[in-house]
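Everything below concerns the one structure shown next.
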Amino acid sequence: MNERLVLLSGATGYIGGRLLKALEAQGRRVRCLARHPEFLCRRVAAGTEVVAGDVTDAASLAPAFRGVDTAVYLVHSMQHGSAFAGRDREAARCFSAAARAAGVRRLLYLGGLGDDRQVLSDHLRSRHEVGEVLRAAGVPVLEFRASIILGSGSLSFELIRALVERLPAMITPRWVEVIAQPIAIEDVLAYLLAGLDLPLPEHRLFEIGGADRVSYGDIMREYARQRGLKRLMLPVPVLTPKLSSLWLGLVTPVYAPVGRILVDSLRHETVVRDPAALDVFPVRPRGIREAIAAALRNEDHEFAQTRWSDALSAVRPRRDWGERALATAWWTRELCR
Ligand SMILES: NC(=O)c1ccc[n+]([C@@H]2O[C@H](COP(=O)([O-])OP(=O)(O)OC[C@H]3O[C@@H](n4cnc5c(N)ncnc54)[C@H](OP(=O)(O)O)[C@@H]3O)[C@@H](O)[C@H]2O)c1
């Protein structure tokens, strides 16, 4: 067993939940910080601690950080709608101040890709700002930036799945042809795990991405191909981000509140411009074909592990939603209560 204690925030969410299982499989000492520990307690391995805490509540963080070597930050506040950026700033400030006070050796954070030289969407700008706020406290921060994460249960993947599964023909906004560099959840986890042990005297930022640069349309076409679905896409140049988020809300109501914030980011290319991660880490990320195949192959198993809708704040169940996977997720969760 690795004796260094890892504090994991966001363990009820998609990435955090998958990372928790990977940390436990490696025999790491883990303490999860959760707003609703009663939900998480039943899902952790023997030896994993779960403590109550909210990253915006400094008083709850001091005891959670006691004895911690490395703290992992996998939290966002998009569930709070338009107020998310201010809340995320405050949360990052509280978290990093508590880490500093406790003498934590390093912070690990997963944010989003996007070119800072452009005027970014509120969501991407906020993801970058969180990294800056974490660094300001002085504890060395290892930040990874990723585009969309392909895996069963990831919000961005589930949005794509919902659109392709539901619509035999779709009018597609211009952002469908914007280029991204999606990465498989397995590769993200490999980077995060390797990041725990990387010698890190100072802040480092790594852009990570899969082997392919593709458009969102390409991802949808590949998903449809692997599912044996014939899908027609009719591009409409005039669909603005506002209209396209309304469209998304109509087609995929479960995702609407968070999805609308994400859609605004889809107009930006999210590709790796600095390939340093490939030199520093032994990870060789796969392409979308393999990533989607893995997601489809593992989906029942992975859904049983985590999905973004587990993040308690994200769940706004709608009974009129018929998509199989989410329905399964919702009922599984209800039955586990
Ligand atoms: N999914 C992707 O495609 C993707 C792509 C690139 C980067 N990322 C980054 O990965 C990170 C994790 O994303 P995710 O997809 O795993 O998100 P997620 O599934 O929505 O989970 C968010 C987590 O944050 C927790 N949280 C929110 N507010 C909190 C608070 N005030 N105190 C404590 N915990 C709080 C939630 O806990 P509750 O259960 O209490 O709500 C939940 O565990 C984010 O930084 C995101 O930007 C994700």
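In the structure tokens, the first chain shown is A, the next is B, and so on; residue numbers restart at 1 for each chain, and ligands run from 1 in the order shown.
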
List every residue of stretch 80-292 of chain A that DSSP, applied to the backbone, labels as alpha helix (DSSP H), and write the result as number ranges by chain.
A: 84-101, 122-136, 155-166, 185-197, 216-227, 241-251, 256-263, 276-280, 288-292

What parts of stretch 17-189 of chain A does DSSP call strand (DSSP E)? I'd like the answer as a ChimeraX atom specification.
/A:28-34,49-52,70-73,106-112,141-146,149-150,169-172,179-180,183-184

Nearby residues (only C-alpha atoms) at most 10 Å from A:Ala224, same-chain spacing under 3 positions excluded, as a list in words
Ile160, Arg161, Val164, Glu165, Pro168, Asp218, Ile219, Met220, Arg221, Arg227, Gly228, Leu229, Lys230 and Arg231 of chain A

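Residues in contact with A:Ile149 at up to 8 Å, not including ones fewer than 3 positions away on its chain and judged by only C-alpha atoms, are Ala146, Ser154, Ser156, Phe157, Pro182, Ile183, Ala184, Ile185 and Val188 of chain A.
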
Resulting file, chosen residues, C-alpha atoms, as a PDB file, in the first residue's frame:
ATOM      1  CA  ALA A 146      -8.725  17.875 -21.676  1.00  0.00           C
ATOM      2  CA  SER A 154     -19.378  11.161 -19.136  1.00  0.00           C
ATOM      3  CA  SER A 156     -20.232  15.035 -23.012  1.00  0.00           C
ATOM      4  CA  PHE A 157     -20.334  11.458 -24.294  1.00  0.00           C
ATOM      5  CA  PRO A 182     -11.458  13.716 -27.504  1.00  0.00           C
ATOM      6  CA  ILE A 183      -9.755  11.439 -25.050  1.00  0.00           C
ATOM      7  CA  ALA A 184     -10.836   8.092 -23.618  1.00  0.00           C
ATOM      8  CA  ILE A 185     -11.652   7.986 -19.910  1.00  0.00           C
ATOM      9  CA  VAL A 188      -7.470  10.401 -18.579  1.00  0.00           C
TER      10      VAL A 188
END

What do you get as a PDB file with N, CA and C atoms, in the first residue's frame if you pick all residues at most 8 Å from ligand 1, counting only C-alpha atoms and all ligand atoms?
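Written out: result_11.pdb:
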ATOM      1  N   SER A   9     -11.691  15.038  -4.135  1.00  0.00           N
ATOM      2  CA  SER A   9     -12.977  15.746  -4.216  1.00  0.00           C
ATOM      3  C   SER A   9     -13.672  15.323  -5.503  1.00  0.00           C
ATOM      4  N   GLY A  10     -14.985  15.420  -5.525  1.00  0.00           N
ATOM      5  CA  GLY A  10     -15.742  15.065  -6.742  1.00  0.00           C
ATOM      6  C   GLY A  10     -15.924  13.568  -6.933  1.00  0.00           C
ATOM      7  N   ALA A  11     -15.782  12.792  -5.870  1.00  0.00           N
ATOM      8  CA  ALA A  11     -15.856  11.322  -6.024  1.00  0.00           C
ATOM      9  C   ALA A  11     -17.271  10.824  -6.337  1.00  0.00           C
ATOM     10  N   THR A  12     -18.285  11.671  -6.133  1.00  0.00           N
ATOM     11  CA  THR A  12     -19.633  11.260  -6.554  1.00  0.00           C
ATOM     12  C   THR A  12     -19.876  11.595  -8.021  1.00  0.00           C
ATOM     13  N   GLY A  13     -18.923  12.265  -8.648  1.00  0.00           N
ATOM     14  CA  GLY A  13     -19.081  12.642 -10.051  1.00  0.00           C
ATOM     15  C   GLY A  13     -18.479  11.598 -10.980  1.00  0.00           C
ATOM     16  N   TYR A  14     -18.468  11.913 -12.249  1.00  0.00           N
ATOM     17  CA  TYR A  14     -18.024  10.928 -13.243  1.00  0.00           C
ATOM     18  C   TYR A  14     -16.524  10.637 -13.155  1.00  0.00           C
ATOM     19  N   ILE A  15     -15.691  11.658 -13.329  1.00  0.00           N
ATOM     20  CA  ILE A  15     -14.246  11.414 -13.343  1.00  0.00           C
ATOM     21  C   ILE A  15     -13.788  10.979 -11.944  1.00  0.00           C
ATOM     22  N   GLY A  16     -14.271  11.694 -10.929  1.00  0.00           N
ATOM     23  CA  GLY A  16     -13.845  11.381  -9.566  1.00  0.00           C
ATOM     24  C   GLY A  16     -14.226   9.956  -9.171  1.00  0.00           C
ATOM     25  N   GLY A  17     -15.398   9.524  -9.577  1.00  0.00           N
ATOM     26  CA  GLY A  17     -15.843   8.173  -9.234  1.00  0.00           C
ATOM     27  C   GLY A  17     -14.984   7.115  -9.899  1.00  0.00           C
ATOM     28  N   LEU A  33     -13.848  13.561  -0.155  1.00  0.00           N
ATOM     29  CA  LEU A  33     -14.561  14.711   0.407  1.00  0.00           C
ATOM     30  C   LEU A  33     -15.892  14.806  -0.330  1.00  0.00           C
ATOM     31  N   ALA A  34     -17.004  14.696   0.397  1.00  0.00           N
ATOM     32  CA  ALA A  34     -18.299  14.679  -0.293  1.00  0.00           C
ATOM     33  C   ALA A  34     -19.334  15.496   0.473  1.00  0.00           C
ATOM     34  N   ARG A  35     -20.187  16.169  -0.302  1.00  0.00           N
ATOM     35  CA  ARG A  35     -21.253  16.932   0.353  1.00  0.00           C
ATOM     36  C   ARG A  35     -22.284  16.005   0.976  1.00  0.00           C
ATOM     37  N   HIS A  36     -22.402  14.815   0.385  1.00  0.00           N
ATOM     38  CA  HIS A  36     -23.383  13.840   0.891  1.00  0.00           C
ATOM     39  C   HIS A  36     -22.666  12.512   1.111  1.00  0.00           C
ATOM     40  N   GLY A  53     -17.885  17.342   3.515  1.00  0.00           N
ATOM     41  CA  GLY A  53     -17.233  18.626   3.260  1.00  0.00           C
ATOM     42  C   GLY A  53     -17.751  19.255   1.991  1.00  0.00           C
ATOM     43  N   ASP A  54     -17.664  20.567   1.954  1.00  0.00           N
ATOM     44  CA  ASP A  54     -18.105  21.333   0.787  1.00  0.00           C
ATOM     45  C   ASP A  54     -16.945  22.250   0.425  1.00  0.00           C
ATOM     46  N   VAL A  55     -16.547  22.258  -0.826  1.00  0.00           N
ATOM     47  CA  VAL A  55     -15.360  23.045  -1.190  1.00  0.00           C
ATOM     48  C   VAL A  55     -15.584  24.551  -1.063  1.00  0.00           C
ATOM     49  N   THR A  56     -16.819  24.980  -0.863  1.00  0.00           N
ATOM     50  CA  THR A  56     -17.053  26.413  -0.638  1.00  0.00           C
ATOM     51  C   THR A  56     -17.127  26.745   0.854  1.00  0.00           C
ATOM     52  N   ASP A  57     -16.951  25.747   1.690  1.00  0.00           N
ATOM     53  CA  ASP A  57     -17.110  25.934   3.132  1.00  0.00           C
ATOM     54  C   ASP A  57     -15.768  25.652   3.824  1.00  0.00           C
ATOM     55  N   TYR A  73      -8.615  17.793  -7.313  1.00  0.00           N
ATOM     56  CA  TYR A  73      -9.750  18.715  -7.444  1.00  0.00           C
ATOM     57  C   TYR A  73     -10.535  18.398  -8.715  1.00  0.00           C
ATOM     58  N   LEU A  74     -11.697  17.768  -8.545  1.00  0.00           N
ATOM     59  CA  LEU A  74     -12.527  17.355  -9.692  1.00  0.00           C
ATOM     60  C   LEU A  74     -13.959  17.859  -9.498  1.00  0.00           C
ATOM     61  N   VAL A  75     -14.049  19.149  -9.286  1.00  0.00           N
ATOM     62  CA  VAL A  75     -15.319  19.768  -8.916  1.00  0.00           C
ATOM     63  C   VAL A  75     -15.639  20.900  -9.880  1.00  0.00           C
ATOM     64  N   HIS A  76     -16.906  21.081 -10.207  1.00  0.00           N
ATOM     65  CA  HIS A  76     -17.351  22.295 -10.889  1.00  0.00           C
ATOM     66  C   HIS A  76     -18.734  22.634 -10.374  1.00  0.00           C
ATOM     67  N   SER A  77     -19.190  23.847 -10.665  1.00  0.00           N
ATOM     68  CA  SER A  77     -20.480  24.309 -10.119  1.00  0.00           C
ATOM     69  C   SER A  77     -21.496  24.586 -11.213  1.00  0.00           C
ATOM     70  N   MET A  78     -21.382  23.916 -12.347  1.00  0.00           N
ATOM     71  CA  MET A  78     -22.292  24.241 -13.458  1.00  0.00           C
ATOM     72  C   MET A  78     -23.755  23.990 -13.090  1.00  0.00           C
ATOM     73  N   GLN A  79     -23.964  23.124 -12.112  1.00  0.00           N
ATOM     74  CA  GLN A  79     -25.343  22.848 -11.690  1.00  0.00           C
ATOM     75  C   GLN A  79     -26.002  24.093 -11.099  1.00  0.00           C
ATOM     76  N   ALA A  91     -14.769  28.480  -4.617  1.00  0.00           N
ATOM     77  CA  ALA A  91     -14.485  27.096  -4.218  1.00  0.00           C
ATOM     78  C   ALA A  91     -12.988  26.800  -4.358  1.00  0.00           C
ATOM     79  N   TYR A 109      -5.418  18.845 -10.652  1.00  0.00           N
ATOM     80  CA  TYR A 109      -6.691  19.412 -11.134  1.00  0.00           C
ATOM     81  C   TYR A 109      -6.883  19.056 -12.601  1.00  0.00           C
ATOM     82  N   LEU A 110      -8.093  18.666 -12.951  1.00  0.00           N
ATOM     83  CA  LEU A 110      -8.432  18.415 -14.353  1.00  0.00           C
ATOM     84  C   LEU A 110      -9.376  19.510 -14.842  1.00  0.00           C
ATOM     85  N   GLY A 111      -8.906  20.291 -15.804  1.00  0.00           N
ATOM     86  CA  GLY A 111      -9.730  21.354 -16.374  1.00  0.00           C
ATOM     87  C   GLY A 111      -9.979  21.109 -17.850  1.00  0.00           C
ATOM     88  N   GLY A 112     -10.253  22.181 -18.584  1.00  0.00           N
ATOM     89  CA  GLY A 112     -10.636  22.022 -19.989  1.00  0.00           C
ATOM     90  C   GLY A 112      -9.636  22.666 -20.930  1.00  0.00           C
ATOM     91  N   LEU A 113      -9.481  22.072 -22.122  1.00  0.00           N
ATOM     92  CA  LEU A 113      -8.643  22.656 -23.166  1.00  0.00           C
ATOM     93  C   LEU A 113      -9.300  23.924 -23.712  1.00  0.00           C
ATOM     94  N   ARG A 127     -12.951  27.329 -16.250  1.00  0.00           N
ATOM     95  CA  ARG A 127     -12.088  26.164 -15.987  1.00  0.00           C
ATOM     96  C   ARG A 127     -10.626  26.583 -15.883  1.00  0.00           C
ATOM     97  N   ARG A 145      -5.403  19.597 -18.871  1.00  0.00           N
ATOM     98  CA  ARG A 145      -6.536  20.172 -19.611  1.00  0.00           C
ATOM     99  C   ARG A 145      -6.951  19.183 -20.688  1.00  0.00           C
ATOM    100  N   ALA A 146      -8.237  18.862 -20.712  1.00  0.00           N
ATOM    101  CA  ALA A 146      -8.725  17.875 -21.676  1.00  0.00           C
ATOM    102  C   ALA A 146      -9.912  18.435 -22.452  1.00  0.00           C
ATOM    103  N   SER A 147     -10.121  17.881 -23.650  1.00  0.00           N
ATOM    104  CA  SER A 147     -11.317  18.180 -24.437  1.00  0.00           C
ATOM    105  C   SER A 147     -12.422  17.229 -23.943  1.00  0.00           C
ATOM    106  N   ILE A 148     -13.297  16.798 -24.815  1.00  0.00           N
ATOM    107  CA  ILE A 148     -14.386  15.958 -24.321  1.00  0.00           C
ATOM    108  C   ILE A 148     -13.858  14.571 -23.957  1.00  0.00           C
ATOM    109  N   ILE A 149     -14.428  14.007 -22.917  1.00  0.00           N
ATOM    110  CA  ILE A 149     -13.952  12.715 -22.421  1.00  0.00           C
ATOM    111  C   ILE A 149     -14.939  11.632 -22.857  1.00  0.00           C
ATOM    112  N   LEU A 150     -14.390  10.642 -23.577  1.00  0.00           N
ATOM    113  CA  LEU A 150     -15.242   9.574 -24.112  1.00  0.00           C
ATOM    114  C   LEU A 150     -15.271   8.409 -23.130  1.00  0.00           C
ATOM    115  N   SER A 154     -19.897   9.796 -19.044  1.00  0.00           N
ATOM    116  CA  SER A 154     -19.378  11.161 -19.136  1.00  0.00           C
ATOM    117  C   SER A 154     -20.461  12.047 -19.762  1.00  0.00           C
ATOM    118  N   LEU A 155     -20.681  13.209 -19.169  1.00  0.00           N
ATOM    119  CA  LEU A 155     -21.751  14.078 -19.667  1.00  0.00           C
ATOM    120  C   LEU A 155     -21.608  14.345 -21.163  1.00  0.00           C
ATOM    121  N   SER A 156     -20.398  14.664 -21.602  1.00  0.00           N
ATOM    122  CA  SER A 156     -20.232  15.035 -23.012  1.00  0.00           C
ATOM    123  C   SER A 156     -20.504  13.831 -23.920  1.00  0.00           C
ATOM    124  N   PHE A 157     -20.064  12.659 -23.499  1.00  0.00           N
ATOM    125  CA  PHE A 157     -20.334  11.458 -24.294  1.00  0.00           C
ATOM    126  C   PHE A 157     -21.828  11.137 -24.273  1.00  0.00           C
ATOM    127  N   ARG A 307     -21.447   7.712 -13.188  1.00  0.00           N
ATOM    128  CA  ARG A 307     -21.862   8.507 -14.335  1.00  0.00           C
ATOM    129  C   ARG A 307     -22.070   9.907 -13.803  1.00  0.00           C
ATOM    130  N   TRP A 308     -21.990  10.870 -14.716  1.00  0.00           N
ATOM    131  CA  TRP A 308     -22.049  12.255 -14.258  1.00  0.00           C
ATOM    132  C   TRP A 308     -23.332  12.520 -13.494  1.00  0.00           C
ATOM    133  N   SER A 309     -24.444  11.834 -13.865  1.00  0.00           N
ATOM    134  CA  SER A 309     -25.707  12.131 -13.214  1.00  0.00           C
ATOM    135  C   SER A 309     -25.742  11.636 -11.779  1.00  0.00           C
ATOM    136  N   ASP A 310     -24.697  10.893 -11.372  1.00  0.00           N
ATOM    137  CA  ASP A 310     -24.591  10.539  -9.964  1.00  0.00           C
ATOM    138  C   ASP A 310     -24.275  11.753  -9.116  1.00  0.00           C
ATOM    139  N   ALA A 311     -23.566  12.704  -9.738  1.00  0.00           N
ATOM    140  CA  ALA A 311     -23.259  13.911  -8.989  1.00  0.00           C
ATOM    141  C   ALA A 311     -24.617  14.412  -8.515  1.00  0.00           C
ATOM    142  N   LEU A 312     -24.825  14.397  -7.209  1.00  0.00           N
ATOM    143  CA  LEU A 312     -26.182  14.542  -6.693  1.00  0.00           C
ATOM    144  C   LEU A 312     -26.813  15.826  -7.174  1.00  0.00           C
ATOM    145  N   SER A 313     -25.991  16.856  -7.282  1.00  0.00           N
ATOM    146  CA  SER A 313     -26.517  18.141  -7.716  1.00  0.00           C
ATOM    147  C   SER A 313     -26.944  18.110  -9.168  1.00  0.00           C
ATOM    148  N   ALA A 314     -26.449  17.127  -9.934  1.00  0.00           N
ATOM    149  CA  ALA A 314     -26.751  17.106 -11.362  1.00  0.00           C
ATOM    150  C   ALA A 314     -28.056  16.400 -11.651  1.00  0.00           C
TER     151      ALA A 314
END

Which is closer to A:Arg29 than all the others in A:Ala59, A:Val119, A:Leu250, A:Ala71, using only C-alpha atoms?
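Closest residue, counting only C-alpha atoms: A:Ala71.
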